[in-house]
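*Asks:* Quick one: the structure is below, and I'll ask about it shortly.
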Amino acid sequence: MKQMSRIVRTVTNLIYGFIIIFGFYVILHGHLTPGGGFQGGAIVASAFALLLISYGALNTEKLLKKDLLSILESGGLTMFIGTAFLGLGITFFYNFLANSGSWFGDAAVIGINPGNMNTGGVIPLMNIAVGLEVLSALGVIVLVMASGAEFTKKKENS
Amino acid sequence: MIGNFPYIAAIIFIGLGIYTLMFKKNLIKIAIGVVLIQNGVNLFLITLGYIKGAVAPIYTYAPSGQIMVLPTPQALTLTSIVIGIATTALILSIAMMIYKHYGTLDTDQVRRLRG
Amino acid sequence: MNLSNHIPILIIAIPLLAAFLVPLIGRINKKATGILTTLALSVSLILTIILAVKILTVGPQVYVFGAQSPALTLPSGLKFPIRIMFQIDAMGIFMGLITAVVSFSGAVYSLTFMEQHSGLDKYYSLLLLLTVGMFSMEFTGDIFNFFVFLEVASIAAVALISFRGVDLGEPAEAGFKYMVVSSISALMVLFAVGIFYGQYDLLNFAAIASVVKYSQLDKIALGLLVPVLAMKAGAVPMHMWTPDAYSEAPAPISMILVAASQASLYALFRVTFSLYNITLNTLAVGWIIIIFGLLSMFIGVTMAIIQKDIKRLMAYHAISQTGYMFLGVGVGLAVLANPVALSQYGITAMEGGIFHIMNHAMYKGLLFLTAGALFFRTGTKDLNKMGGLAHSMKYTTIFFIIGAAAIAGLPPFNGFASKLLIYESVYRFNPLLSIIAMVVSILTLASFVKVFHSAFLGPKLPQFREVKEVPKSMVWAMAILSCIIIFFGLFPDLIVKNLVHPAVMALIEQFKYTGTVLGGI
């Protein structure tokens with residue numbers, strides 16, 4: 001994929017960081033506002049796709065490494081299943097942190113409220129795990145598809 | 001009667017998707033047909049949960065004294081969208097592999113397996 | 001912590017954890033990926049056998065995710081279950097045993113068959129995910145959970161079919177066809193799930209089964225579910241994906257794909273027997289399933305005789321044998337509302353059909369593995385180019401003879417037992433069906449004699465002079481399946497009484513299925 005014009009590259013430089021921060025905000029507040037693991041991860045991956053479109057595949061591969069994203073993906077998945085295994089004392093996927101007073105352990109408020117981020121138990125941890133996994137997986141998909149395109153192959157071989 | 005319009009739209013989507021799948025010859029258009037069917041089924045699922053005059057099912061800063069729509073179909077549709085992304089990524093990757101070997105995306109010329 | 005309560009979930013959670021750890025371990029040591037896969041699947045096999053003994057002696061098991069205790073289906077006075085649960089009765093664990101044995105042999109076989117390929121960590125991870133998808137399709141008691149794992153299994157299967165598509169073009173084409181077909185069928189299943197949710201506000205199999213009325217919308221849902229699940233199982237008007245997918249996949253994956261198609265067949269039986277039971281018009285739906293069976297048997301075997309590619313021939317035979325299962329269970333469904341006919345020949349027909357599911361997975365798996373062994377040593381799948389291989393590959397020849405005799409229905413092997421049950425009971429329903437089944441069996445024997453003659457008999461060809469026997473792990477995998485075939489063939493009465501008959505009664509008696517979840521029979 002070819003590089004785009006200077007206007008596009010400048011706008012990308014300005015807003016790339018804000019998209020990633022917004023994506024992480026959506027992941028972390030998944031138990032209070034609309035969003036959650038998959039949605040936030042897709043927003044961060046769209047920042048990677050923006051970088052690919054405006055700078056071209058060859059320049060982006062110097063910044064985003066496929067190996068690192070692949071390790072992050074496996075780490076996110078293992079964290080998800082590991083958190084599910086930790087509740088095995090009672091049942092699989094049991095929410096052992098809810099209403100217990102430790103991490104994310106405040107009592108959940110029922111009814112209309114301003115929202116306390118410290119509630120939810122295991123759910124915010126699983127949101128983070130799924131968010132990490134989705135951003136790495138979609139990032140790897142988008143990078144591999146771009147490096148398989150004809151223009152990139154011709155440039156690499158020339 | 002006007003409240004049934006989303007259901008009719010979902011059926012039209014599925015019908016258009018099946019038409020594209022059966023009669024188009026380009027592999028990318030077949031992939032688009034599958035995506036159209038996915039969108040139709042997702043629209044059908046979301047419309048099932050609607051209650052007339054209700055608000056979104058979120059407790060944070062919600063307006064008081066109103067009922068909320070059913071939240072379960074929203075969870076089902078979210079799962080279906082995630083599965084749709086994985087399916088679309090896989091179909092497009094396989095189309096790229098076919099293009100690399102045969103040099104064309106026309107289904108009439110990609111049919112080596114017959115009989 | 002009483003670990004024996006958690007066995008249903010450990011069968012699935014251990015391969016899932018291994019599937020996520022395999023890419024991480026693959027970066028350190030390439031050989032460890034295969035060994036980790038085999039260990040995880042062997043643990044699953046042992047736990048499945050323990051769970052089977054428990055279910056056949058005690059009764060159906062339920063496992064609720066995230067509840068206060070594993071069997072708490074109705075928390076604090078609610079009338080219907082709200083959590084996702086696994087509900088395993090005798091029919092579910094029957095299919096679970098097939099999946100466990102087949103995927104364990106597939107992993108053992110792949111240790112040496114796939115050694116020369118690159119990207120092996122992804123291959124083993126996908127194999128574990130396919131196994132997890134199949135197990136969950138057979139154990140789940142929640143209809144949306146079934147859709148999710150149907151898609152998981154389909155996506156993993158497509159990626160494995162196109163695994164060799166990096167160098168060749170045909171596996172990619174086969175993978176594309178399979179992906180489009182399974183995508184459409186899964187979306188139609190989701191549409192039917194939406195119809196059930198919109199009418200009854202319930203997603204649990206047993207809960208829907210207790211309140212279902214056969215209204216117009218339920219007829220639409222049944223009309224969507226039956227053809228679509230039969231399409232995933234490979235029935236004839238919808239069978240176009242089967243020869244391509246089974247022949248272009250690597251040999252152990254063809255074997256596991258057979259078990260995956262049978263998991264969709266299990267879902268079809270679950271929907272018609274346990275979800276609807278007598279509320280539907282059993283004679284009409286039963287005859288539709290019988291017609292699927294007849295067409296599959298006949299068209300499968302006639303297309304198989306003319307094939308030159310050995311794995312495509314075996315794939316057409318898989319379609320034909322699936323026709324036997326449709327025929328047996330279809331006859332059982334057609335007489336479900338008629339208690340006299342049911343006890344006379346209906347139950348025997350269903351026993352034949354369901355016993356045939358396990359027999360078919362065993363001998364078709366063995367045949368695919370021998371075809372893979374031939375491809376591994378000679379590099380070709382074309383029957384015209386092979387010849388005289390019995391001189392150098394003695395073990396493979398013996399295993400092929402066992403598999404071919406079993407599929408044709410010769411007496412000391414297991415195919416004979418299930419086919420005899422089907423012939424005798426279907427004859428009393430309608431004699432013509434039984435005669436067509438016997439003719440198909442003769443044609444099956446004819447086509448396998450042709451394969452044996454062209455691949456194994458004859459003088460030793462000069463280009464195959466230095467062909468040796470296949471490596472040890474492939475021989476062990478084939479030996480496991482052969483031992484099971486011979487054991488089932490020598491003692492069919494034991495298997496039918498202890499494994500198959502409880503499965504058939506679990507399908508027929510719907511009140512036991514709903515009573516396990518909703519409490520009180």
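Quick note on naming: the chains in the structure tokens go A, B, ... in the order shown, residues restart at 1 in each chain, and ligands are numbered from 1 in order of appearance.
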Pull out every residue of chain A sitting within 12 Å of chain B, counting only C-alpha atoms, and send them as number ranges by chain.

*Replies:* A: 29-39, 41-42, 108-117, 130, 134, 137-142, 144-150, 153

*Asks:* For N, CA and C atoms, I'd like the residues from the last selection saved as a CSV table (one decimal), in the first residue's frame.

*Replies:*
```csv
chain,number,residue,atom,x,y,z
A,29,HIS,N,-14.3,0.8,31.1
A,29,HIS,CA,-15.6,1.2,31.7
A,29,HIS,C,-16.7,0.3,31.2
A,30,GLY,N,-16.4,-1.0,30.8
A,30,GLY,CA,-17.4,-1.8,30.2
A,30,GLY,C,-18.5,-2.2,31.1
A,31,HIS,N,-18.3,-2.2,32.4
A,31,HIS,CA,-19.4,-2.7,33.3
A,31,HIS,C,-20.3,-1.6,33.7
A,32,LEU,N,-20.0,-0.3,33.2
A,32,LEU,CA,-20.9,0.8,33.6
A,32,LEU,C,-21.6,1.5,32.5
A,33,THR,N,-20.8,1.6,31.3
A,33,THR,CA,-21.4,2.3,30.2
A,33,THR,C,-21.3,1.3,29.0
A,34,PRO,N,-22.0,1.7,27.9
A,34,PRO,CA,-22.0,0.7,26.8
A,34,PRO,C,-20.5,0.5,26.3
A,35,GLY,N,-20.2,-0.7,25.9
A,35,GLY,CA,-18.8,-1.0,25.5
A,35,GLY,C,-18.4,-2.3,26.1
A,36,GLY,N,-17.1,-2.3,26.4
A,36,GLY,CA,-16.6,-3.6,26.9
A,36,GLY,C,-15.4,-4.0,26.2
A,37,GLY,N,-15.0,-5.3,26.3
A,37,GLY,CA,-13.8,-5.8,25.8
A,37,GLY,C,-13.7,-5.7,24.3
A,38,PHE,N,-14.7,-6.3,23.6
A,38,PHE,CA,-14.6,-6.4,22.1
A,38,PHE,C,-14.7,-5.0,21.5
A,39,GLN,N,-15.6,-4.2,21.9
A,39,GLN,CA,-15.8,-2.9,21.3
A,39,GLN,C,-14.6,-2.0,21.4
A,41,GLY,N,-11.5,-3.0,22.0
A,41,GLY,CA,-10.4,-3.6,21.2
A,41,GLY,C,-10.5,-3.3,19.7
A,42,ALA,N,-11.7,-3.2,19.2
A,42,ALA,CA,-11.9,-2.9,17.8
A,42,ALA,C,-11.6,-1.5,17.5
A,108,ALA,N,-22.5,-4.0,44.5
A,108,ALA,CA,-23.1,-3.4,43.2
A,108,ALA,C,-24.4,-2.6,43.6
A,109,VAL,N,-24.6,-1.4,43.1
A,109,VAL,CA,-25.7,-0.6,43.4
A,109,VAL,C,-26.8,-0.9,42.3
A,110,ILE,N,-28.0,-1.2,42.8
A,110,ILE,CA,-29.1,-1.5,41.9
A,110,ILE,C,-30.0,-0.3,41.8
A,111,GLY,N,-30.4,0.1,40.6
A,111,GLY,CA,-31.2,1.3,40.4
A,111,GLY,C,-30.3,2.4,39.8
A,112,ILE,N,-30.9,3.6,39.7
A,112,ILE,CA,-30.2,4.6,38.9
A,112,ILE,C,-29.1,5.2,39.8
A,113,ASN,N,-27.9,5.3,39.3
A,113,ASN,CA,-26.7,5.8,40.1
A,113,ASN,C,-25.7,6.4,39.2
A,114,PRO,N,-24.8,7.2,39.8
A,114,PRO,CA,-23.7,7.8,38.9
A,114,PRO,C,-22.7,6.8,38.5
A,115,GLY,N,-22.6,5.6,39.0
A,115,GLY,CA,-21.7,4.6,38.5
A,115,GLY,C,-20.4,4.6,39.3
A,116,ASN,N,-20.1,3.4,40.0
A,116,ASN,CA,-18.9,3.2,40.8
A,116,ASN,C,-18.0,2.2,40.1
A,117,MET,N,-16.8,2.7,39.7
A,117,MET,CA,-16.0,1.8,38.9
A,117,MET,C,-15.4,0.6,39.6
A,130,VAL,N,-10.1,-9.6,27.3
A,130,VAL,CA,-10.6,-9.7,26.0
A,130,VAL,C,-10.2,-8.5,25.1
A,134,VAL,N,-8.4,-8.8,21.5
A,134,VAL,CA,-9.0,-8.4,20.3
A,134,VAL,C,-8.2,-7.4,19.6
A,137,ALA,N,-5.3,-9.3,18.0
A,137,ALA,CA,-5.7,-10.2,16.9
A,137,ALA,C,-6.1,-9.4,15.6
A,138,LEU,N,-6.9,-8.4,15.8
A,138,LEU,CA,-7.3,-7.6,14.6
A,138,LEU,C,-6.1,-6.9,14.1
A,139,GLY,N,-5.2,-6.4,14.9
A,139,GLY,CA,-4.0,-5.8,14.4
A,139,GLY,C,-3.2,-6.7,13.6
A,140,VAL,N,-3.0,-8.0,14.0
A,140,VAL,CA,-2.2,-8.9,13.2
A,140,VAL,C,-2.9,-9.2,11.9
A,141,ILE,N,-4.3,-9.4,11.9
A,141,ILE,CA,-5.0,-9.7,10.7
A,141,ILE,C,-4.8,-8.6,9.7
A,142,VAL,N,-4.9,-7.3,10.2
A,142,VAL,CA,-4.8,-6.2,9.2
A,142,VAL,C,-3.4,-6.0,8.7
A,144,VAL,N,-1.1,-8.5,8.3
A,144,VAL,CA,-0.8,-9.6,7.4
A,144,VAL,C,-1.5,-9.4,6.1
A,145,MET,N,-2.7,-8.9,6.1
A,145,MET,CA,-3.4,-8.7,4.8
A,145,MET,C,-2.7,-7.6,4.0
A,146,ALA,N,-2.2,-6.6,4.7
A,146,ALA,CA,-1.6,-5.5,4.0
A,146,ALA,C,-0.2,-6.0,3.4
A,147,SER,N,0.5,-6.8,4.2
A,147,SER,CA,1.8,-7.2,3.6
A,147,SER,C,1.6,-8.3,2.6
A,148,GLY,N,0.4,-8.8,2.4
A,148,GLY,CA,0.2,-9.8,1.3
A,148,GLY,C,-0.2,-9.1,0.0
A,149,ALA,N,-0.4,-7.8,0.0
A,149,ALA,CA,-0.9,-7.1,-1.2
A,149,ALA,C,0.2,-7.0,-2.2
A,150,GLU,N,-0.2,-6.8,-3.5
A,150,GLU,CA,0.7,-6.9,-4.6
A,150,GLU,C,1.7,-5.8,-4.5
A,153,LYS,N,4.5,-6.6,-2.2
A,153,LYS,CA,5.4,-7.7,-2.6
A,153,LYS,C,6.3,-7.1,-3.7
```

*Asks:* Taking only C-alpha atoms into account, report as a PyMOL selection string which residues of chain C lie within 9 Å of chain B.

*Replies:* chain C and resi 144+148+151-152+155+158-159+162+165-170+172-176+179-180+183-184+187-188+190-191+194-195+197-198+243-244+303+307

*Asks:* What would the file look like if the residues just selected were written as a PDB file, in the first residue's frame with C-alpha atoms?

*Replies:*
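Resulting contents of selection_32.pdb:
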```pdb
ATOM      1  CA  PHE C 144     -27.539 -20.039  21.710  1.00  0.00           C
ATOM      2  CA  VAL C 148     -21.612 -20.179  19.168  1.00  0.00           C
ATOM      3  CA  GLU C 151     -19.379 -21.436  14.494  1.00  0.00           C
ATOM      4  CA  VAL C 152     -16.184 -22.055  16.515  1.00  0.00           C
ATOM      5  CA  ILE C 155     -14.058 -21.655  11.596  1.00  0.00           C
ATOM      6  CA  VAL C 158     -12.022 -24.206   7.560  1.00  0.00           C
ATOM      7  CA  ALA C 159      -8.620 -22.983   8.658  1.00  0.00           C
ATOM      8  CA  SER C 162      -6.938 -24.759   3.839  1.00  0.00           C
ATOM      9  CA  GLY C 165      -3.270 -23.929   0.647  1.00  0.00           C
ATOM     10  CA  VAL C 166      -0.002 -22.044   1.118  1.00  0.00           C
ATOM     11  CA  ASP C 167       1.607 -24.132  -1.628  1.00  0.00           C
ATOM     12  CA  LEU C 168      -1.320 -25.554  -3.598  1.00  0.00           C
ATOM     13  CA  GLY C 169      -4.515 -24.027  -4.955  1.00  0.00           C
ATOM     14  CA  GLU C 170      -7.140 -26.722  -4.425  1.00  0.00           C
ATOM     15  CA  ALA C 172      -8.036 -22.978  -0.680  1.00  0.00           C
ATOM     16  CA  GLU C 173     -10.957 -23.552  -3.059  1.00  0.00           C
ATOM     17  CA  ALA C 174     -12.319 -26.373  -0.860  1.00  0.00           C
ATOM     18  CA  GLY C 175     -11.980 -24.163   2.221  1.00  0.00           C
ATOM     19  CA  PHE C 176     -13.870 -21.319   0.535  1.00  0.00           C
ATOM     20  CA  MET C 179     -16.810 -21.604   4.772  1.00  0.00           C
ATOM     21  CA  VAL C 180     -19.679 -20.199   2.703  1.00  0.00           C
ATOM     22  CA  SER C 183     -21.701 -19.661   7.394  1.00  0.00           C
ATOM     23  CA  ILE C 184     -25.142 -19.777   5.807  1.00  0.00           C
ATOM     24  CA  LEU C 187     -26.884 -17.955  10.374  1.00  0.00           C
ATOM     25  CA  MET C 188     -30.103 -19.832   9.683  1.00  0.00           C
ATOM     26  CA  LEU C 190     -29.355 -18.176  14.644  1.00  0.00           C
ATOM     27  CA  PHE C 191     -32.548 -17.047  12.895  1.00  0.00           C
ATOM     28  CA  GLY C 194     -34.294 -15.670  17.381  1.00  0.00           C
ATOM     29  CA  ILE C 195     -37.739 -17.076  16.571  1.00  0.00           C
ATOM     30  CA  TYR C 197     -36.532 -16.322  21.877  1.00  0.00           C
ATOM     31  CA  GLY C 198     -39.127 -13.949  20.463  1.00  0.00           C
ATOM     32  CA  PRO C 243     -15.992 -34.418  -1.390  1.00  0.00           C
ATOM     33  CA  ASP C 244     -13.855 -31.293  -1.716  1.00  0.00           C
ATOM     34  CA  MET C 303     -20.695 -41.361  -7.336  1.00  0.00           C
ATOM     35  CA  GLN C 307     -13.683 -41.878  -8.588  1.00  0.00           C
TER      36      GLN C 307
END
```

*Asks:* Could you list, as number ranges by chain, the residues of chain A having an atom within 10 Å of chain C when counting only C-alpha atoms?

*Replies:* A: 67, 70-82, 84-85, 87-96

*Asks:* Store the residues picked out above, limited to N, CA and C atoms, as a tab-separated table (two decimals), in the first residue's frame.

*Replies:*
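Contents of the output file selection_2.tsv:
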```tsv
chain	number	residue	atom	x	y	z
A	67	ASP	N	5.24	-10.12	15.86
A	67	ASP	CA	5.55	-11.10	16.91
A	67	ASP	C	5.06	-10.62	18.26
A	70	SER	N	1.40	-10.94	18.55
A	70	SER	CA	0.96	-12.33	18.67
A	70	SER	C	1.13	-12.82	20.10
A	71	ILE	N	2.25	-12.44	20.74
A	71	ILE	CA	2.45	-12.85	22.13
A	71	ILE	C	1.40	-12.20	23.02
A	72	LEU	N	1.07	-10.92	22.73
A	72	LEU	CA	0.07	-10.22	23.54
A	72	LEU	C	-1.29	-10.91	23.41
A	73	GLU	N	-1.60	-11.41	22.19
A	73	GLU	CA	-2.88	-12.09	21.98
A	73	GLU	C	-2.97	-13.36	22.81
A	74	SER	N	-1.91	-14.18	22.77
A	74	SER	CA	-1.95	-15.42	23.56
A	74	SER	C	-2.00	-15.10	25.05
A	75	GLY	N	-1.30	-14.01	25.46
A	75	GLY	CA	-1.35	-13.64	26.87
A	75	GLY	C	-2.74	-13.24	27.31
A	76	GLY	N	-3.43	-12.46	26.45
A	76	GLY	CA	-4.79	-12.06	26.80
A	76	GLY	C	-5.74	-13.24	26.94
A	77	LEU	N	-5.63	-14.21	25.99
A	77	LEU	CA	-6.50	-15.38	26.05
A	77	LEU	C	-6.23	-16.22	27.30
A	78	THR	N	-4.93	-16.40	27.62
A	78	THR	CA	-4.60	-17.21	28.81
A	78	THR	C	-5.10	-16.53	30.07
A	79	MET	N	-5.04	-15.17	30.11
A	79	MET	CA	-5.55	-14.47	31.29
A	79	MET	C	-7.05	-14.68	31.43
A	80	PHE	N	-7.77	-14.72	30.28
A	80	PHE	CA	-9.22	-14.93	30.34
A	80	PHE	C	-9.55	-16.29	30.93
A	81	ILE	N	-8.90	-17.34	30.41
A	81	ILE	CA	-9.22	-18.69	30.90
A	81	ILE	C	-8.69	-18.87	32.31
A	82	GLY	N	-7.55	-18.24	32.62
A	82	GLY	CA	-7.02	-18.38	33.98
A	82	GLY	C	-7.97	-17.77	35.01
A	84	ALA	N	-11.14	-17.54	34.68
A	84	ALA	CA	-12.30	-18.43	34.80
A	84	ALA	C	-11.98	-19.62	35.67
A	85	PHE	N	-10.73	-20.14	35.55
A	85	PHE	CA	-10.34	-21.29	36.36
A	85	PHE	C	-10.28	-20.96	37.84
A	87	GLY	N	-12.22	-19.48	39.72
A	87	GLY	CA	-13.45	-19.67	40.47
A	87	GLY	C	-13.83	-21.12	40.62
A	88	LEU	N	-12.91	-22.06	40.24
A	88	LEU	CA	-13.30	-23.46	40.16
A	88	LEU	C	-13.63	-24.04	41.51
A	89	GLY	N	-13.30	-23.33	42.60
A	89	GLY	CA	-13.66	-23.83	43.92
A	89	GLY	C	-15.15	-24.02	44.07
A	90	ILE	N	-15.95	-23.17	43.42
A	90	ILE	CA	-17.40	-23.30	43.50
A	90	ILE	C	-17.92	-23.77	42.15
A	91	THR	N	-17.82	-22.95	41.10
A	91	THR	CA	-18.08	-23.46	39.75
A	91	THR	C	-17.13	-22.75	38.82
A	92	PHE	N	-17.02	-23.21	37.59
A	92	PHE	CA	-16.24	-22.53	36.57
A	92	PHE	C	-16.91	-21.19	36.29
A	93	PHE	N	-16.12	-20.12	36.03
A	93	PHE	CA	-16.63	-18.78	35.75
A	93	PHE	C	-17.36	-18.17	36.94
A	94	TYR	N	-17.14	-18.65	38.16
A	94	TYR	CA	-17.86	-18.06	39.28
A	94	TYR	C	-17.23	-16.71	39.61
A	95	ASN	N	-18.03	-15.71	39.88
A	95	ASN	CA	-17.56	-14.35	40.12
A	95	ASN	C	-17.15	-14.23	41.59
A	96	PHE	N	-15.89	-14.64	41.90
A	96	PHE	CA	-15.49	-14.71	43.30
A	96	PHE	C	-15.06	-13.37	43.87
```

*Asks:* What is the distance, in Å and to one decimal place, between CA of Ile49 (chain C) and CA of Val504 (chain C)?

*Replies:*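 CA of Val504 (chain C) lies 19.1 Å from CA of Ile49 (chain C).
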
*Asks:* May I have the residues within 10 Å of region 97-102 of chain C as number ranges by chain, using only C-alpha atoms and disregarding those fewer than 4 positions away in the same chain?

*Replies:* C: 11, 41-49, 51-52, 92-93, 106-107, 131-132, 134-135, 138, 252-253, 255-260, 262-263, 357-359, 361-362, 365-366, 477, 480-481, 484

*Asks:* Just to be explicit: take each residue in the selection above, keep N, CA and C atoms, and write the result as a short mmCIF file (atom, residue, chain, number, x, y, z; two decimals), in the first residue's frame.

*Replies:*
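Once written, part_11.cif looks like this:
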```
data_model
loop_
_atom_site.label_atom_id
_atom_site.label_comp_id
_atom_site.auth_asym_id
_atom_site.auth_seq_id
_atom_site.Cartn_x
_atom_site.Cartn_y
_atom_site.Cartn_z
N ILE C 11 -13.44 -31.50 30.98
CA ILE C 11 -13.25 -32.10 29.67
C ILE C 11 -13.02 -31.02 28.63
N LEU C 41 -5.39 -33.94 25.13
CA LEU C 41 -6.48 -34.76 24.60
C LEU C 41 -6.55 -36.11 25.29
N SER C 42 -5.43 -36.63 25.81
CA SER C 42 -5.52 -37.90 26.54
C SER C 42 -6.21 -37.69 27.88
N VAL C 43 -5.96 -36.53 28.53
CA VAL C 43 -6.68 -36.24 29.78
C VAL C 43 -8.18 -36.16 29.51
N SER C 44 -8.54 -35.50 28.38
CA SER C 44 -9.96 -35.42 28.03
C SER C 44 -10.56 -36.79 27.82
N LEU C 45 -9.81 -37.70 27.15
CA LEU C 45 -10.33 -39.03 26.88
C LEU C 45 -10.59 -39.77 28.18
N ILE C 46 -9.64 -39.70 29.11
CA ILE C 46 -9.81 -40.42 30.38
C ILE C 46 -11.01 -39.86 31.15
N LEU C 47 -11.13 -38.50 31.18
CA LEU C 47 -12.24 -37.91 31.92
C LEU C 47 -13.58 -38.24 31.27
N THR C 48 -13.60 -38.34 29.92
CA THR C 48 -14.86 -38.69 29.26
C THR C 48 -15.29 -40.10 29.62
N ILE C 49 -14.32 -41.03 29.69
CA ILE C 49 -14.69 -42.41 30.05
C ILE C 49 -15.21 -42.44 31.48
N LEU C 51 -16.71 -40.01 33.09
CA LEU C 51 -18.04 -39.40 33.10
C LEU C 51 -19.07 -40.32 32.50
N ALA C 52 -18.67 -41.12 31.46
CA ALA C 52 -19.62 -42.05 30.84
C ALA C 52 -20.06 -43.10 31.85
N GLY C 92 -25.73 -37.67 24.81
CA GLY C 92 -24.64 -36.71 24.72
C GLY C 92 -23.30 -37.35 25.00
N ILE C 93 -23.23 -38.20 26.02
CA ILE C 93 -21.95 -38.81 26.35
C ILE C 93 -21.57 -39.86 25.31
N GLY C 106 -6.31 -38.60 16.20
CA GLY C 106 -5.85 -37.61 15.23
C GLY C 106 -4.60 -36.90 15.70
N ALA C 107 -4.54 -36.57 17.00
CA ALA C 107 -3.36 -35.88 17.52
C ALA C 107 -2.14 -36.80 17.50
N THR C 131 -11.73 -29.55 18.55
CA THR C 131 -12.20 -30.54 19.52
C THR C 131 -13.08 -29.90 20.58
N VAL C 132 -12.68 -28.74 21.09
CA VAL C 132 -13.50 -28.06 22.10
C VAL C 132 -14.87 -27.71 21.53
N MET C 134 -16.49 -29.25 19.14
CA MET C 134 -17.32 -30.45 18.98
C MET C 134 -17.85 -30.93 20.32
N PHE C 135 -16.99 -30.96 21.35
CA PHE C 135 -17.46 -31.40 22.67
C PHE C 135 -18.60 -30.53 23.16
N GLU C 138 -21.95 -31.10 21.69
CA GLU C 138 -22.64 -32.30 22.13
C GLU C 138 -23.09 -32.22 23.57
N PRO C 252 -5.47 -36.64 9.13
CA PRO C 252 -6.10 -36.68 10.45
C PRO C 252 -7.26 -35.70 10.57
N ILE C 253 -7.20 -34.58 9.83
CA ILE C 253 -8.28 -33.62 9.91
C ILE C 253 -9.53 -34.14 9.21
N MET C 255 -10.49 -37.15 9.32
CA MET C 255 -11.13 -38.02 10.31
C MET C 255 -11.90 -37.21 11.33
N ILE C 256 -11.31 -36.09 11.81
CA ILE C 256 -12.00 -35.30 12.83
C ILE C 256 -13.19 -34.57 12.21
N LEU C 257 -13.10 -34.23 10.90
CA LEU C 257 -14.25 -33.59 10.26
C LEU C 257 -15.45 -34.51 10.19
N VAL C 258 -15.22 -35.84 10.04
CA VAL C 258 -16.33 -36.79 10.05
C VAL C 258 -17.07 -36.70 11.37
N ALA C 259 -16.30 -36.65 12.48
CA ALA C 259 -16.95 -36.54 13.79
C ALA C 259 -17.65 -35.20 13.94
N ALA C 260 -17.13 -34.13 13.32
CA ALA C 260 -17.79 -32.83 13.42
C ALA C 260 -19.12 -32.85 12.66
N GLN C 262 -20.96 -35.43 12.31
CA GLN C 262 -21.89 -36.20 13.11
C GLN C 262 -22.39 -35.44 14.31
N ALA C 263 -21.62 -34.44 14.79
CA ALA C 263 -22.14 -33.60 15.88
C ALA C 263 -23.34 -32.80 15.39
N ILE C 357 -23.58 -44.62 13.98
CA ILE C 357 -22.81 -43.38 14.09
C ILE C 357 -21.42 -43.69 14.65
N MET C 358 -21.38 -44.48 15.75
CA MET C 358 -20.07 -44.76 16.33
C MET C 358 -19.24 -45.66 15.42
N ASN C 359 -19.89 -46.68 14.82
CA ASN C 359 -19.13 -47.56 13.95
C ASN C 359 -18.55 -46.80 12.78
N ALA C 361 -17.76 -43.60 12.54
CA ALA C 361 -16.62 -42.75 12.91
C ALA C 361 -15.36 -43.60 13.03
N MET C 362 -15.48 -44.82 13.59
CA MET C 362 -14.28 -45.64 13.76
C MET C 362 -13.73 -46.12 12.43
N GLY C 365 -12.70 -43.30 9.98
CA GLY C 365 -11.46 -42.70 10.45
C GLY C 365 -10.26 -43.56 10.09
N LEU C 366 -10.40 -44.88 10.31
CA LEU C 366 -9.29 -45.78 9.99
C LEU C 366 -8.97 -45.73 8.51
N ALA C 477 -1.82 -44.94 16.06
CA ALA C 477 -3.15 -44.32 15.92
C ALA C 477 -4.09 -45.25 15.19
N ILE C 480 -5.20 -48.21 17.45
CA ILE C 480 -6.26 -47.94 18.45
C ILE C 480 -7.62 -48.13 17.82
N LEU C 481 -7.80 -47.52 16.61
CA LEU C 481 -9.12 -47.62 15.96
C LEU C 481 -9.43 -49.06 15.57
N ILE C 484 -10.72 -51.09 18.50
CA ILE C 484 -12.11 -50.78 18.85
C ILE C 484 -13.06 -51.43 17.85
#
```

*Asks:* Identify all residues of region 10-96 of chain B in helix (DSSP H, G or I) (DSSP on the backbone) and supply them as an NGL selection string.

*Replies:* :B and (10-23 or 27-47 or 72-96)

*Asks:* I want to know what sits within 12 Å of Gly332 (chain C), based on only C-alpha atoms, with residues of the same chain fewer than 4 positions away left out; could you give that as a VMD selection string?

*Replies:* chain C and resid 269 272 to 273 277 282 to 283 285 to 287 289 to 290 325 to 328 336 to 339 341 to 354 422 425 to 426 428 to 429 504 to 505 507 to 508

*Asks:* Please extract the residues of region 35-108 of chain B with a backbone DSSP assignment of strand (DSSP E or B) and present them as a list in words.

*Replies:*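 Those in region 35-108 of chain B that DSSP calls strand (DSSP E or B) are Val55, Thr60, Met68 and Asp106 of chain B.
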
*Asks:* Need to verify the contact set: Val8 (chain A), 10 Å, only C-alpha atoms, exclusion of same-chain residues closer than 5 positions in sequence. Can you return it as number ranges by chain?

*Replies:* A: 3, 13, 50, 53-55

*Asks:* Tell me, as a PyMOL selection string, which residues lie within 7 Å of Gly458 (chain C), counting only C-alpha atoms; anything in the same chain fewer than 2 positions away does not count.

*Replies:* chain C and resi 387-388+456+460

*Asks:* Report, in Å to a single decimal, how far apart CA of Lys54 (chain C) and CA of Ser4 (chain C) are.

*Replies:*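 Between CA of Ser4 (chain C) and CA of Lys54 (chain C) the gap works out to 9.9 Å.
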